[in-house]
Structures are given as C-alpha cells and as structure tokens.
Amino acid sequence: MTATVEPVAVPDAASPSLDAVWEDRPGIPGFLTTVDHKRIAVRYLVTATAFLFIGGLEAMVLRAQLAGPNGTVVDADTYNRIMTMHGTTMIFLFNTPVFAGFGNYLVPLLIGAREMAFPRVNAFSYWVYLGSGSLLYSSFLLHAVPDGGWFAYTPLTSSAYSPDVGLDLWAMGIVFLGISTTAGGINFIVTIFRMRAPGMTLSRLPLFCWAILTMSFMIVFALPAITLAGVLLELDRTFGMQFFSPAGGGDPLLYQHLFWIWGHPEVYILFIPATGIISMVVATFSGRRVVAYHLVVAALVATGFISFGLWMHHMFATGVPFLVASFFSAASLVVAIPSGVQIFAWLATMLTGRVRLEVPMLFAIGFVVTFVIGGMTGVMVGVVPFDQQVTDSYFVVAHFHYVLIGGTVFPAFAGLHYWFPKAIGRMPSRRLGVWSFWFTFVGTQLTFFPQHILGLEGMPRRVWTYPEGLGWDGPNALSTAGSVVLGVGLLLSVVAFALAWRRGEPADADPWGGETLEWAIPSPPPPYNFAGVPIVRSDAPMWDDDPPRAITHLDGEDLTVPHDGHHRAVLTSPLDAAGLEAVSMPEPSYTPLVVAGSLTLLCVAVIASSWPIGLVAVVVASAALIRWHDGIGS
Amino acid sequence: MELTAPPVGGRRPDRMPNRSRRLPWRRCLVGATLALPLAGCSDGHSVLSAKGPEAARVSALGWGMIVVSSVISAVVFGLLAASLFPSVRERFRRHDETALVRWGGVALPVVVLLALSGLTVAAMVPSDDRDGTLELTVVGHQYWWEVTYPGTGAVTANEIHIPAGRRVRVALESPDVIHSFWVPSLAGKIDMVPGRTNHLVLEADRPGTYRGQCAEYCGAQHARMAFVVVAQEPAEFQRWLRHQAEPLAAAATDRPGRAVFERESCAGCHTVRGTEADGAIGPDLTHLADRDTIGALTLPNDRREVRAWVRDAQQFKAGAEMPPIDLSSEDLDAIVDYLEHLR
Ligand SMILES: [Cu+2]
C-alpha cells in the first residue's frame, strides 16, 4: 500500500472565493449560526464526551457505594437517582449522540461531499440534543432527579410512586431528544443517497457509511415507539390517563413492549456505527480493504432487520407464553450470526494484512476482545431458562457493559484517536494513547468481569446496598477498583487530545495512510471540504494510484465555483452516483438555534403546565420556522 | 424468641444441615479452570449450584454454555493474537480469504446456535404437574413479601416454608409496582406484575434455607426486599403450617403491650389474627416471633433491633411504608414484649 497523497487539484481562480463564501463569520455569531457539518460534529463529540464523563462520575459514586457491604457513601434515594441518571446519560446523552458526531463529521468527507443534505436541520439537531440534555440535568437544580431507572418502568414511574417532577423531565427530555435523533437519521439517509461523489456506487460506499445508513433507517423505525412510550407516560402522569394502570384497564406491560420495541434496536443503533468505525480502522492498520465487504454489508443490514424482532427477550421474566418465548429466544440467537460475520471479517482482514499497532488499532483490538465476551454472554441471555436466572442480576449488568463499553466506547475512542489528526490537524501523543488504551482495557475487564460472578451468585442489579456474608464482597471490591482504572484510562485519552490540540505535532493530510477520501484533503479540512468534485473510480480511492483522483470541471460546467456567492454542492443519483446536478446549499442562520431553543422552552412549559410560556414558545418557534428558508439560494 | 440474634439474612444452625460438609469443591475446581473462577463456590444463593430440579436444569445449561463460549472465545483470541505475527499471516495469505468469514462467521455460529436452540426449547418445556403439588401465593409489596397458604388461613411474611422434595407452585402477584421473585439456587425469576398472576415452580431437594431477593427495581428499598425459602421435612412443614394457621398465641393475650398495640396506629396497618388488629398495609404479625428476621431480612428478630425498628423503621429502611412512631419508652417496651410473645 502506498499512501502518497497527491495535492488535490484545485482550480486556482476558484480557491479564494471558495474560502470567502464558505468561511463562517468570526466569533460568537459564527459559532451560533454555523451549519458546517464539521463544526457541528465536533460539538456533538465534545458534548457527548462531556456527558460520558458526567455519567462516569455518577458510575464512580455507585461503585464507591457498592465497594463493600452496607456502604454509607450515599443513601438509598440518592443512589437510585444517580443510578437512573447514569443509565440515562450513557445511553441517551453519550452513546447515541457520540455516533451522530462521528457520522456528521465523516459521512460527507467519506463520500466526497461538501455538506450534509440538510445543514440547518443538522444544526437544529445538535441544539435540540443540547436542549434535552439540559432539560434532563436541570433536575439536579430542581432537586428532583428522576428515580425510575433508565427504562422507567411503570407503575413505579406513575405519579403515585414518583410524584416529583423528575420523571416529567425524564419523559419530556427523551421525547424531545427523539426529534434530534430522528432528524439526524433522515439527514444521514438523504446525504448518503444523494450527495455521494460521482462514481461512488453503493457497492463502493465505505463500510462506515453503510453502518450509518443502517443505523439511520433503524432510528427512523424504532424511535416512534419510545416517543409513544414517553408521551403516554407523561399523559398518565399529568392527566391521570390510565394507559399503564391495571385499575383503569391499562397494562404495565404495554409500556415494556413499547420501550423495548425501541430499546432492542437501540442496542444495535449504538453498536452498528461503532462497527463502521472499526471497519475503517482495521482496514487502515491492516493495510488492506476489509475482507468480504459484501458479506459485511449484508451482515449490517441483516442486523438492522433482525434487531426489530427481539424486543421480548428483555421480558422473558414477565411471564411470557411458551411459544412466544421460543420465537424470541431463537431470534435472539440468530442475531449473533451477523455479528459473527463481522468479527471474522475483521480477523481475516488482520490475518491477511499487515497489522500496525497504532493507538486506534489497539482500541479496535480491545473492542474485539471485549465485544466477543459480551457477545457470548449475549447468546446466553437469549436462552430463556438461563435468562430467567440471570436477567435483572449483575450478570446482565456485566453483559451489557461488555457490549456497550466494548462495543461502543472502545470504537469511539478508536475513532477519536484515528480522526483527531484529520479534524484538528495535530497528532495526539502515541505514548499517552497507548497508556490510555491499557488502562481502559484492564479497567474494563477488572470492573465488569467480576460482575458476571456477582450475578451468578444471586446479586440483583440496582441495589443500593447489600449485606455482608453473601460472598459478594470480594467481586464488588474488585469491580470498584477496576472502575477507577477505567476512569483513568479514558481520562488519559482526553489529556492526550487536550495536549495535542494545544501543541501537538502537526499532522499532514494522510498521517495513517487511510483508504478513504477524507485523507485526500488537508488536515484540518477547509470549510468546503473538497475544493473540486472528487471522482471515484475504485473501491479504495486513496489506495489506487492509477487513475489518480480527478477533481474538478465536469460536464463543461465548473461545479466547484460558488454560484451567486452561495454554498454550492453536487447531487448524484441514489444508486450509482451518476447524473450530476449542482445545487445551492443553505447557509449559516440563527433559525436552527431559535427553533430548538423555543422548543426547549415548550417542553419546560408542558412540564410546568404554564400556558403563557407555552404560547410564547410556540409563537417564537413558528416565526422562526417561517423564516427557515431565508438566505437559501435557488 | 431467641435472644441471641442470628446474623442478618439469618439462618438458624439447625436449618443448615451438613452445610460445611457439602462444599461444592468439585464445581469450584471446574470453575477455576474455566472463565468464572469464583462462581458456584458458595452455598445458598447461587445460580450455578442448584439445590432443586428447576434450577438444576438451568445450571447444567449454564455450565455447558460457559464451557462452549470459553472455547469459542479462546479460538477468536488466538486468531487475533496470530494476526500480530508475520509468519502466521503468510500462511493465511495463501488461503481463500473469505473462507474464514464463511466458516467462522457463518457456519460455526449456525451450528452452535442451532444446537443451542434445541437445548433451550427442551429446557423450557414445563415439567409435568405431578400429583400433590402444593400451592401458595406470594404477594410482593414495597418492600416485603406476603406469603399465604390458600385454604389454611396461614399468613406470614418474608419467610416461605416449603416441604423439601415436593413441587410447590407459587402464584405471584403485586398490588403496587413490579417486583420479581428470585431464589437463585431453586429457580429462575418471574416478575410480579400488577393486574396479573404469574406462576413459578419451586422445589428443593433437601431441607435447608435458601436466600431470595427482589430482582426488579421497585423503588427506594428494592435492595432491602429479601426473603428466605425454608425447606423442611414434610412432617415438620405440616406442623409449622398448622401452627401458622392458628390465631393469637394464648401467652400473648394478656400482655399489657397488646392494648398499646391496638390503641396505637400499629393495628391500622398490621393484622394479628384473633385480635382487633386487622390492618392490611404491613406484614401479618400473628406469629412474628417465629421469624428469624424483620423488615425483609433487614434486621435480626431480637428485642433490641425490634425496639429500634418500631420506634423508627425509616432509620433502617428509608422509604418503607412504616412511619416512625412516637411512643413513650414504657409503651415501646410493652409493645416489644407483646411482639415477643407472638409465637
Ligand atoms: Cu421489589
């Protein structure tokens, strides 16, 4: 593999005006109005990482309390609230958004585009995410942190058992966040289908984009279920409706169905983009394309489909009829096959390539090890009688932390180390990265492996304390010690990034010798990404020296030149990326921020049952929406 | 009532026959060589050291899966390690590269999972209802367990007695939120869902005390919602059951504390059968003194702890449905004395 990077052919005359047209305004106005997918992505990544550490801090409190029997660090009520926020934060505010961040940064770059299809919607999605995160965390200021556990099962979360406003904030926050996630998903789908560089047929689409595409479709189909669950819960709570209350003819299990119809696909919504990152990293550091590309794509799509048929495996202990349980059990086992395909595709890639142990690759290997263990226990919990033993025990806690930390945190950090030089233009320290990896890896195993044993020894999850003499002391102590190591490991990466950001070695355009288009442009990329239109003539555009990447004038019209001073991009046909068409793209605007802000206010109004605030919010949001298209060229 | 308290989660020594002699050392040895070095080594509440046929089916399946998945993981980790060595890579490069994906990623899981599906369904088939199945009902409350033996009048709390060697069908209900009934060494867990009745089969091979705990997060004191299953020789069990069905013990009828108990709020929440106290919010106290612990295994059932509990249960179980009660010291002593006579 040669990774010589040719300078991108930029038409000289166009270059200065490209900068002038695409550059954001300086300072705060630029910050608030930008629609640059890269800036938005970095925002997503920084915010999500911040939430990772907030959630991590919460986890440390939980682990401190459970370090020994009869812990006195926090009381029952505090423990339960922090536990609820830990789960909510990690799933909703870290895990989903962090991959929205990666997707936002990378999808346009990987497909040779200048922007996401709907740049303002993109900005809007981020602000909504920030708004719903703030909504959830405002519960700390109101001394009403939700206490229903992150899946908020009724009737425990009905107003009778959880009267304070915490759960209203939870339900509204989740419903509101759904808008952001759904809008993001649609944006990815349209971007991937319409904005690919000419020549990038679907069968040349980088695996990361396939992963984001699959994730986005899943989001679009799965999100309505949790939105419905949240809305019904809120109606039950505020208007005394009886959807989930048996006394009023409702059924608490209805909530569980709705929750898990979203919740199970959600596991894969988190995991699939992570596998996309791994595919990119493994390819680059094995120096070859991922083996069995078509099988991997098929595996991704299959996972997407199958994951919708699994939700009841979270409910095996609710008293499910034999036949139903058998069906869902079988489906739970079947979903292991596509994961097996992916694991073996990476293994085959590594075995037939030339592995370089750079930091991103270390995290990728850490992912494989951790995820395989989590996958094994995942198969075990698909087996109904075994699940009835271990569900809601620490065994399951161990299982899903292996899957989520192994399956998403390791890939996320692999991705951060891998693309940091591209985004920031500086290399993070390899030494710190290696230390970070080892601490994270050892910490993860130390924290979560003993929890398998705790579960098998009968320790239920979500207990704020436990008595001595049950054989739980040792594994718990180990687990707490491990969590410190894990925390240090993740912090070391952040330190590496902070140092590199300030004074790291400058990175050139293609420091790792990557296969995909993002490495063709300077680090950090200019606001318009590609000065010309890249033409893709092979599966691995950066690794094919012949023919070279051709960039610029097409069909007699120079599509690279800004048109009437507007952002310009090209559209191509959905399947074979042909039939170029030039369009003007939406430019920076305050409207996404204003709409998101007023919708946040609307949520506050609903929770506070305040009509005046609600009215103001609706008026402002409508006014801003009317002006949504302002400044968009024809 | 014994004044020397059993430990929290208490087991009377006489109910733990041969405990020290039956250390499952062989299990531990197997475990140590496998992925889960500590599992199965302690008695009383472990998934992998089953104490009855229901749990045994699962523990066999569990051990099998642990072995197979350890082997598969080892293979994957081996391949991963191999990829770091150029000499191994050379050998692989000569083969069809997608073969590994087809065999390892498709064929292997298909075979393993098919086999597993078969075993799963086999293990799920409900065991036949044998004659003479005993029925009992357990109702989960925030945060304690009400245990009734239909047709006998016996009601107790947090301590479920069953005859050893007999199938017991437990009906599970909840009037408030979702709880989950779990005795790891006897059976898998089943949720108690408001508005439904679920069932679970318990069977203990031998007499003994088996710890159980609520497994579905149910609020503030979910952690302190534990219980024990006490399996007894059938004759002993029958004696126990007959006794539990009886109303207030003669010895307690004239204790001065009785009047205080009935005058104070206690009677509004607790039932003592054969007296005016007929509250239904808290546990039936008719035979409180027979129990080893109070507060769903929160405290040992001895005078000092019961006194402290009656004065302020919140101190031990913040969020439980029993409020602190303002009593003079004499009244408190009288009540505790009365409670001690509820045999
Ligand atoms: Cu409970």
# chains A, B, ... in the order shown; residues from 1 in each chain; ligands from 1
>>> closest_atom_pairs(of="chain A", to="ligand 1", cutoff="12 Å", atoms="only C-alpha atoms and all ligand atoms", output="Markdown table")
| residue | atom | partner | partner_atom_place_in_ligand_line | distance |
| --- | --- | --- | --- | --- |
| A:Leu156 | CA | ligand 1 | 1 (Cu) | 10.3 |
| A:Asp392 | CA | ligand 1 | 1 (Cu) | 11.7 |
| A:Pro460 | CA | ligand 1 | 1 (Cu) | 10.7 |
| A:Arg461 | CA | ligand 1 | 1 (Cu) | 11.6 |
| A:Arg462 | CA | ligand 1 | 1 (Cu) | 10.8 |
| A:Val463 | CA | ligand 1 | 1 (Cu) | 10.3 |
>>> write_last_selection(atoms="N, CA and C atoms", output="PDB file, in the first residue's frame")
ATOM      1  N   LEU A 156     -43.980   2.048  38.665  1.00  0.00           N
ATOM      2  CA  LEU A 156     -43.061   2.741  39.567  1.00  0.00           C
ATOM      3  C   LEU A 156     -42.896   4.202  39.172  1.00  0.00           C
ATOM      4  N   ASP A 392     -31.914  -9.127  35.157  1.00  0.00           N
ATOM      5  CA  ASP A 392     -32.019  -8.253  36.321  1.00  0.00           C
ATOM      6  C   ASP A 392     -31.039  -8.609  37.435  1.00  0.00           C
ATOM      7  N   PRO A 460     -28.843  -9.100  42.711  1.00  0.00           N
ATOM      8  CA  PRO A 460     -29.684  -8.412  41.737  1.00  0.00           C
ATOM      9  C   PRO A 460     -29.057  -7.073  41.361  1.00  0.00           C
ATOM     10  N   ARG A 461     -29.435  -6.555  40.204  1.00  0.00           N
ATOM     11  CA  ARG A 461     -28.942  -5.240  39.830  1.00  0.00           C
ATOM     12  C   ARG A 461     -29.765  -4.176  40.554  1.00  0.00           C
ATOM     13  N   ARG A 462     -29.276  -2.958  40.507  1.00  0.00           N
ATOM     14  CA  ARG A 462     -29.991  -1.800  41.028  1.00  0.00           C
ATOM     15  C   ARG A 462     -30.247  -1.863  42.517  1.00  0.00           C
ATOM     16  N   VAL A 463     -29.344  -2.512  43.244  1.00  0.00           N
ATOM     17  CA  VAL A 463     -29.468  -2.495  44.691  1.00  0.00           C
ATOM     18  C   VAL A 463     -28.517  -1.437  45.225  1.00  0.00           C
TER      19      VAL A 463
END
>>> closest_atom_pairs(of="chain B", to="chain A", cutoff="7 Å", atoms="only C-alpha atoms", output="JSON lines")
{"residue": "B:Leu36", "atom": "CA", "partner": "A:Ile453", "partner_atom": "CA", "distance": 6.7}
{"residue": "B:Leu38", "atom": "CA", "partner": "A:Ile453", "partner_atom": "CA", "distance": 6.6}
{"residue": "B:Ala39", "atom": "CA", "partner": "A:Ile453", "partner_atom": "CA", "distance": 5.5}
{"residue": "B:Ser42", "atom": "CA", "partner": "A:Gly471", "partner_atom": "CA", "distance": 6.8}
{"residue": "B:His45", "atom": "CA", "partner": "A:Gly458", "partner_atom": "CA", "distance": 5.6}
{"residue": "B:Ser46", "atom": "CA", "partner": "A:Glu457", "partner_atom": "CA", "distance": 4.2}
{"residue": "B:Val47", "atom": "CA", "partner": "A:Leu456", "partner_atom": "CA", "distance": 5.0}
{"residue": "B:Leu48", "atom": "CA", "partner": "A:Leu456", "partner_atom": "CA", "distance": 6.6}
{"residue": "B:Val58", "atom": "CA", "partner": "A:Phe386", "partner_atom": "CA", "distance": 5.7}
{"residue": "B:Gly62", "atom": "CA", "partner": "A:Phe386", "partner_atom": "CA", "distance": 6.6}
{"residue": "B:Met65", "atom": "CA", "partner": "A:Met380", "partner_atom": "CA", "distance": 6.8}
{"residue": "B:Ser69", "atom": "CA", "partner": "A:Met376", "partner_atom": "CA", "distance": 5.9}
{"residue": "B:Ser73", "atom": "CA", "partner": "A:Val372", "partner_atom": "CA", "distance": 6.7}
{"residue": "B:Phe77", "atom": "CA", "partner": "A:Val369", "partner_atom": "CA", "distance": 6.8}
{"residue": "B:Leu79", "atom": "CA", "partner": "A:Leu347", "partner_atom": "CA", "distance": 6.9}
{"residue": "B:Leu80", "atom": "CA", "partner": "A:Leu347", "partner_atom": "CA", "distance": 6.3}
{"residue": "B:Ser83", "atom": "CA", "partner": "A:Leu351", "partner_atom": "CA", "distance": 4.5}
{"residue": "B:Leu84", "atom": "CA", "partner": "A:Val355", "partner_atom": "CA", "distance": 6.3}
{"residue": "B:Arg89", "atom": "CA", "partner": "A:Leu351", "partner_atom": "CA", "distance": 5.1}
{"residue": "B:Phe92", "atom": "CA", "partner": "A:Thr352", "partner_atom": "CA", "distance": 6.0}
{"residue": "B:Arg93", "atom": "CA", "partner": "A:Thr352", "partner_atom": "CA", "distance": 5.0}
{"residue": "B:Glu97", "atom": "CA", "partner": "A:Ala348", "partner_atom": "CA", "distance": 6.4}
{"residue": "B:Thr98", "atom": "CA", "partner": "A:Ala292", "partner_atom": "CA", "distance": 5.7}
{"residue": "B:Leu100", "atom": "CA", "partner": "A:Ala348", "partner_atom": "CA", "distance": 6.4}
{"residue": "B:Val101", "atom": "CA", "partner": "A:Phe344", "partner_atom": "CA", "distance": 5.0}
{"residue": "B:Gly104", "atom": "CA", "partner": "A:Phe344", "partner_atom": "CA", "distance": 6.2}
{"residue": "B:Gly105", "atom": "CA", "partner": "A:Val341", "partner_atom": "CA", "distance": 3.9}
{"residue": "B:Val106", "atom": "CA", "partner": "A:Val341", "partner_atom": "CA", "distance": 6.0}
{"residue": "B:Pro109", "atom": "CA", "partner": "A:Ile337", "partner_atom": "CA", "distance": 5.8}
{"residue": "B:Val110", "atom": "CA", "partner": "A:Ile337", "partner_atom": "CA", "distance": 6.9}
{"residue": "B:Leu113", "atom": "CA", "partner": "A:Leu333", "partner_atom": "CA", "distance": 6.2}
{"residue": "B:Ser117", "atom": "CA", "partner": "A:Ala330", "partner_atom": "CA", "distance": 6.2}
{"residue": "B:Thr120", "atom": "CA", "partner": "A:Val383", "partner_atom": "CA", "distance": 5.8}
{"residue": "B:Val121", "atom": "CA", "partner": "A:Ser326", "partner_atom": "CA", "distance": 6.5}
{"residue": "B:Ala123", "atom": "CA", "partner": "A:Pro385", "partner_atom": "CA", "distance": 6.8}
{"residue": "B:Met124", "atom": "CA", "partner": "A:Pro385", "partner_atom": "CA", "distance": 6.2}
{"residue": "B:Val177", "atom": "CA", "partner": "A:Pro155", "partner_atom": "CA", "distance": 5.3}
{"residue": "B:Pro184", "atom": "CA", "partner": "A:Gly458", "partner_atom": "CA", "distance": 5.8}
{"residue": "B:Gly188", "atom": "CA", "partner": "A:Gln389", "partner_atom": "CA", "distance": 4.1}
{"residue": "B:Lys189", "atom": "CA", "partner": "A:Gln388", "partner_atom": "CA", "distance": 5.2}
{"residue": "B:Ile190", "atom": "CA", "partner": "A:Ala317", "partner_atom": "CA", "distance": 4.7}
{"residue": "B:Asp191", "atom": "CA", "partner": "A:Thr318", "partner_atom": "CA", "distance": 4.9}
{"residue": "B:Pro194", "atom": "CA", "partner": "A:Pro246", "partner_atom": "CA", "distance": 6.7}
{"residue": "B:Gly195", "atom": "CA", "partner": "A:Pro246", "partner_atom": "CA", "distance": 5.3}
{"residue": "B:Asn198", "atom": "CA", "partner": "A:Gly319", "partner_atom": "CA", "distance": 6.0}
{"residue": "B:Ala215", "atom": "CA", "partner": "A:Pro460", "partner_atom": "CA", "distance": 5.2}
{"residue": "B:Glu216", "atom": "CA", "partner": "A:Asp392", "partner_atom": "CA", "distance": 6.4}
{"residue": "B:Tyr217", "atom": "CA", "partner": "A:Arg462", "partner_atom": "CA", "distance": 6.2}
{"residue": "B:Cys218", "atom": "CA", "partner": "A:Leu156", "partner_atom": "CA", "distance": 6.5}
{"residue": "B:Gly219", "atom": "CA", "partner": "A:Leu156", "partner_atom": "CA", "distance": 7.0}
{"residue": "B:Ala220", "atom": "CA", "partner": "A:Asp77", "partner_atom": "CA", "distance": 5.6}
{"residue": "B:Gln221", "atom": "CA", "partner": "A:Ala76", "partner_atom": "CA", "distance": 6.7}
{"residue": "B:His222", "atom": "CA", "partner": "A:Val463", "partner_atom": "CA", "distance": 6.3}
{"residue": "B:Ala223", "atom": "CA", "partner": "A:Val463", "partner_atom": "CA", "distance": 4.3}
>>> residues_around(residues="A:Val301", least_positions_apart="2", cutoff="12 Å", atoms="only C-alpha atoms", output="PyMOL selection string")
chain A and resi 207+210-218+268-269+272-273+294-299+303-308+335+338-339+342
>>> select_by_dssp(residues="stretch 78-301 of chain B", states="helix (DSSP H, G or I)", output="NGL selection string")
:B and (78-82 or 86-93 or 97-124 or 222-224 or 234-245 or 250-253 or 256-263 or 266-269 or 288-290)
>>> residues_around(residues="A:Trp512", least_positions_apart="3", cutoff="9 Å", atoms="only C-alpha atoms", output="PyMOL selection string")
chain A and resi 3+284-285+358+418+519
>>> write_last_selection(atoms="C-alpha atoms", output="tab-separated table (two decimals), in the first residue's frame")
chain	number	residue	atom	x	y	z
A	3	ALA	CA	-0.26	6.31	0.87
A	284	THR	CA	-6.17	1.19	7.51
A	285	PHE	CA	-3.98	-0.51	10.07
A	358	GLU	CA	-1.12	2.28	16.35
A	418	TYR	CA	-7.94	7.89	14.35
A	519	TRP	CA	-7.44	11.65	3.70
>>> closest_residue(among="A:Pro97, A:Gly614, A:Pro119, A:Gly230", to="A:Pro592", atoms="only C-alpha atoms")
A:Pro119
>>> atom_distance(atom1="atom CA of B:Met225", atom2="atom CA of B:Val139")
12.3 Å
>>> residues_around(residues="stretch 192-200 of chain A", least_positions_apart="4", cutoff="9 Å", atoms="only C-alpha atoms", output="PyMOL selection string")
chain A and resi 107-108+110-117+187-188+204-205+209-210+212-213+533-539+569-580
>>> write_last_selection(atoms="C-alpha atoms", output="PDB file, in the first residue's frame")
ATOM      1  CA  VAL A 107     -20.176  10.902   6.187  1.00  0.00           C
ATOM      2  CA  PRO A 108     -19.727  13.957   3.938  1.00  0.00           C
ATOM      3  CA  LEU A 110     -16.082   9.809   3.169  1.00  0.00           C
ATOM      4  CA  ILE A 111     -18.471  10.250   0.293  1.00  0.00           C
ATOM      5  CA  GLY A 112     -16.685  13.271  -1.114  1.00  0.00           C
ATOM      6  CA  ALA A 113     -19.422  15.768  -0.332  1.00  0.00           C
ATOM      7  CA  ARG A 114     -19.296  19.320   0.895  1.00  0.00           C
ATOM      8  CA  GLU A 115     -22.131  19.233   3.350  1.00  0.00           C
ATOM      9  CA  MET A 116     -24.890  17.206   4.864  1.00  0.00           C
ATOM     10  CA  ALA A 117     -28.055  17.256   2.800  1.00  0.00           C
ATOM     11  CA  ASN A 187     -30.385  13.722   7.246  1.00  0.00           C
ATOM     12  CA  PHE A 188     -27.891  10.859   7.020  1.00  0.00           C
ATOM     13  CA  ARG A 204     -18.161   1.319  -3.192  1.00  0.00           C
ATOM     14  CA  LEU A 205     -19.705   3.012  -0.212  1.00  0.00           C
ATOM     15  CA  CYS A 209     -21.360   4.920   5.715  1.00  0.00           C
ATOM     16  CA  TRP A 210     -23.184   1.625   5.359  1.00  0.00           C
ATOM     17  CA  ILE A 212     -24.564   4.963   9.469  1.00  0.00           C
ATOM     18  CA  LEU A 213     -27.151   4.273   6.783  1.00  0.00           C
ATOM     19  CA  VAL A 533     -15.624  17.319  -7.091  1.00  0.00           C
ATOM     20  CA  PRO A 534     -13.738  14.087  -6.466  1.00  0.00           C
ATOM     21  CA  ILE A 535     -14.384  11.319  -8.927  1.00  0.00           C
ATOM     22  CA  VAL A 536     -14.305   7.839  -7.529  1.00  0.00           C
ATOM     23  CA  ARG A 537     -13.031   5.137  -9.832  1.00  0.00           C
ATOM     24  CA  SER A 538     -12.271   2.346  -7.414  1.00  0.00           C
ATOM     25  CA  ASP A 539     -13.256   0.731  -4.154  1.00  0.00           C
ATOM     26  CA  ALA A 569     -22.739  21.237  -3.798  1.00  0.00           C
ATOM     27  CA  VAL A 570     -23.481  18.456  -6.234  1.00  0.00           C
ATOM     28  CA  LEU A 571     -26.190  15.847  -6.085  1.00  0.00           C
ATOM     29  CA  THR A 572     -25.905  12.445  -7.698  1.00  0.00           C
ATOM     30  CA  SER A 573     -28.305   9.613  -8.272  1.00  0.00           C
ATOM     31  CA  PRO A 574     -29.120   7.353  -5.321  1.00  0.00           C
ATOM     32  CA  LEU A 575     -27.730   4.011  -6.504  1.00  0.00           C
ATOM     33  CA  ASP A 576     -24.859   4.529  -8.915  1.00  0.00           C
ATOM     34  CA  ALA A 577     -23.933   8.105  -8.043  1.00  0.00           C
ATOM     35  CA  ALA A 578     -24.221   9.368 -11.583  1.00  0.00           C
ATOM     36  CA  GLY A 579     -26.188  12.205 -13.172  1.00  0.00           C
ATOM     37  CA  LEU A 580     -24.586  15.214 -11.584  1.00  0.00           C
TER      38      LEU A 580
END
>>> atom_distance(atom1="atom CA of A:Gly482", atom2="atom CA of A:Leu362")
19.4 Å
>>> residues_around(residues="B:Pro207", least_positions_apart="2", cutoff="10 Å", atoms="only C-alpha atoms", output="PDB file with N, CA and C atoms, in the first residue's frame")
ATOM      1  N   ARG B  15     -31.136 -25.360  60.755  1.00  0.00           N
ATOM      2  CA  ARG B  15     -31.769 -25.432  59.444  1.00  0.00           C
ATOM      3  C   ARG B  15     -30.743 -25.561  58.328  1.00  0.00           C
ATOM      4  N   MET B  16     -29.507 -25.656  58.686  1.00  0.00           N
ATOM      5  CA  MET B  16     -28.470 -25.738  57.668  1.00  0.00           C
ATOM      6  C   MET B  16     -27.744 -27.063  57.773  1.00  0.00           C
ATOM      7  N   PRO B  17     -28.448 -28.164  57.486  1.00  0.00           N
ATOM      8  CA  PRO B  17     -27.834 -29.458  57.737  1.00  0.00           C
ATOM      9  C   PRO B  17     -26.591 -29.641  56.879  1.00  0.00           C
ATOM     10  N   LYS B  51     -30.022 -26.238  43.950  1.00  0.00           N
ATOM     11  CA  LYS B  51     -30.451 -27.042  45.091  1.00  0.00           C
ATOM     12  C   LYS B  51     -31.820 -27.665  44.847  1.00  0.00           C
ATOM     13  N   ILE B 162     -41.495 -24.418  52.760  1.00  0.00           N
ATOM     14  CA  ILE B 162     -41.993 -25.427  51.819  1.00  0.00           C
ATOM     15  C   ILE B 162     -41.506 -26.795  52.276  1.00  0.00           C
ATOM     16  N   PRO B 163     -42.221 -27.829  51.890  1.00  0.00           N
ATOM     17  CA  PRO B 163     -41.724 -29.168  52.187  1.00  0.00           C
ATOM     18  C   PRO B 163     -40.626 -29.530  51.193  1.00  0.00           C
ATOM     19  N   ALA B 164     -39.539 -30.101  51.682  1.00  0.00           N
ATOM     20  CA  ALA B 164     -38.450 -30.482  50.785  1.00  0.00           C
ATOM     21  C   ALA B 164     -38.894 -31.639  49.903  1.00  0.00           C
ATOM     22  N   GLY B 165     -38.366 -31.684  48.686  1.00  0.00           N
ATOM     23  CA  GLY B 165     -38.654 -32.801  47.799  1.00  0.00           C
ATOM     24  C   GLY B 165     -40.037 -32.752  47.190  1.00  0.00           C
ATOM     25  N   ALA B 204     -37.137 -27.849  46.364  1.00  0.00           N
ATOM     26  CA  ALA B 204     -35.823 -28.022  46.992  1.00  0.00           C
ATOM     27  C   ALA B 204     -35.591 -29.508  47.215  1.00  0.00           C
ATOM     28  N   ASP B 205     -34.422 -29.964  46.820  1.00  0.00           N
ATOM     29  CA  ASP B 205     -34.118 -31.376  47.006  1.00  0.00           C
ATOM     30  C   ASP B 205     -34.070 -31.751  48.481  1.00  0.00           C
ATOM     31  N   THR B 209     -32.062 -23.636  54.025  1.00  0.00           N
ATOM     32  CA  THR B 209     -32.544 -22.267  53.896  1.00  0.00           C
ATOM     33  C   THR B 209     -31.931 -21.663  52.653  1.00  0.00           C
ATOM     34  N   TYR B 210     -32.775 -21.136  51.803  1.00  0.00           N
ATOM     35  CA  TYR B 210     -32.302 -20.615  50.522  1.00  0.00           C
ATOM     36  C   TYR B 210     -32.698 -19.160  50.407  1.00  0.00           C
ATOM     37  N   VAL B 229     -36.376 -18.922  51.626  1.00  0.00           N
ATOM     38  CA  VAL B 229     -37.219 -20.095  51.479  1.00  0.00           C
ATOM     39  C   VAL B 229     -36.656 -21.142  52.426  1.00  0.00           C
ATOM     40  N   VAL B 230     -37.502 -21.622  53.312  1.00  0.00           N
ATOM     41  CA  VAL B 230     -37.055 -22.630  54.266  1.00  0.00           C
ATOM     42  C   VAL B 230     -37.692 -23.957  53.867  1.00  0.00           C
ATOM     43  N   ALA B 231     -36.868 -24.862  53.393  1.00  0.00           N
ATOM     44  CA  ALA B 231     -37.395 -26.179  53.039  1.00  0.00           C
ATOM     45  C   ALA B 231     -37.249 -27.091  54.251  1.00  0.00           C
ATOM     46  N   GLN B 232     -38.374 -27.770  54.588  1.00  0.00           N
ATOM     47  CA  GLN B 232     -38.368 -28.613  55.782  1.00  0.00           C
ATOM     48  C   GLN B 232     -38.780 -30.026  55.421  1.00  0.00           C
ATOM     49  N   GLU B 233     -38.463 -30.947  56.316  1.00  0.00           N
ATOM     50  CA  GLU B 233     -39.008 -32.296  56.152  1.00  0.00           C
ATOM     51  C   GLU B 233     -40.528 -32.158  56.132  1.00  0.00           C
ATOM     52  N   PRO B 234     -41.213 -32.942  55.292  1.00  0.00           N
ATOM     53  CA  PRO B 234     -42.661 -32.751  55.145  1.00  0.00           C
ATOM     54  C   PRO B 234     -43.427 -32.730  56.472  1.00  0.00           C
TER      55      PRO B 234
END
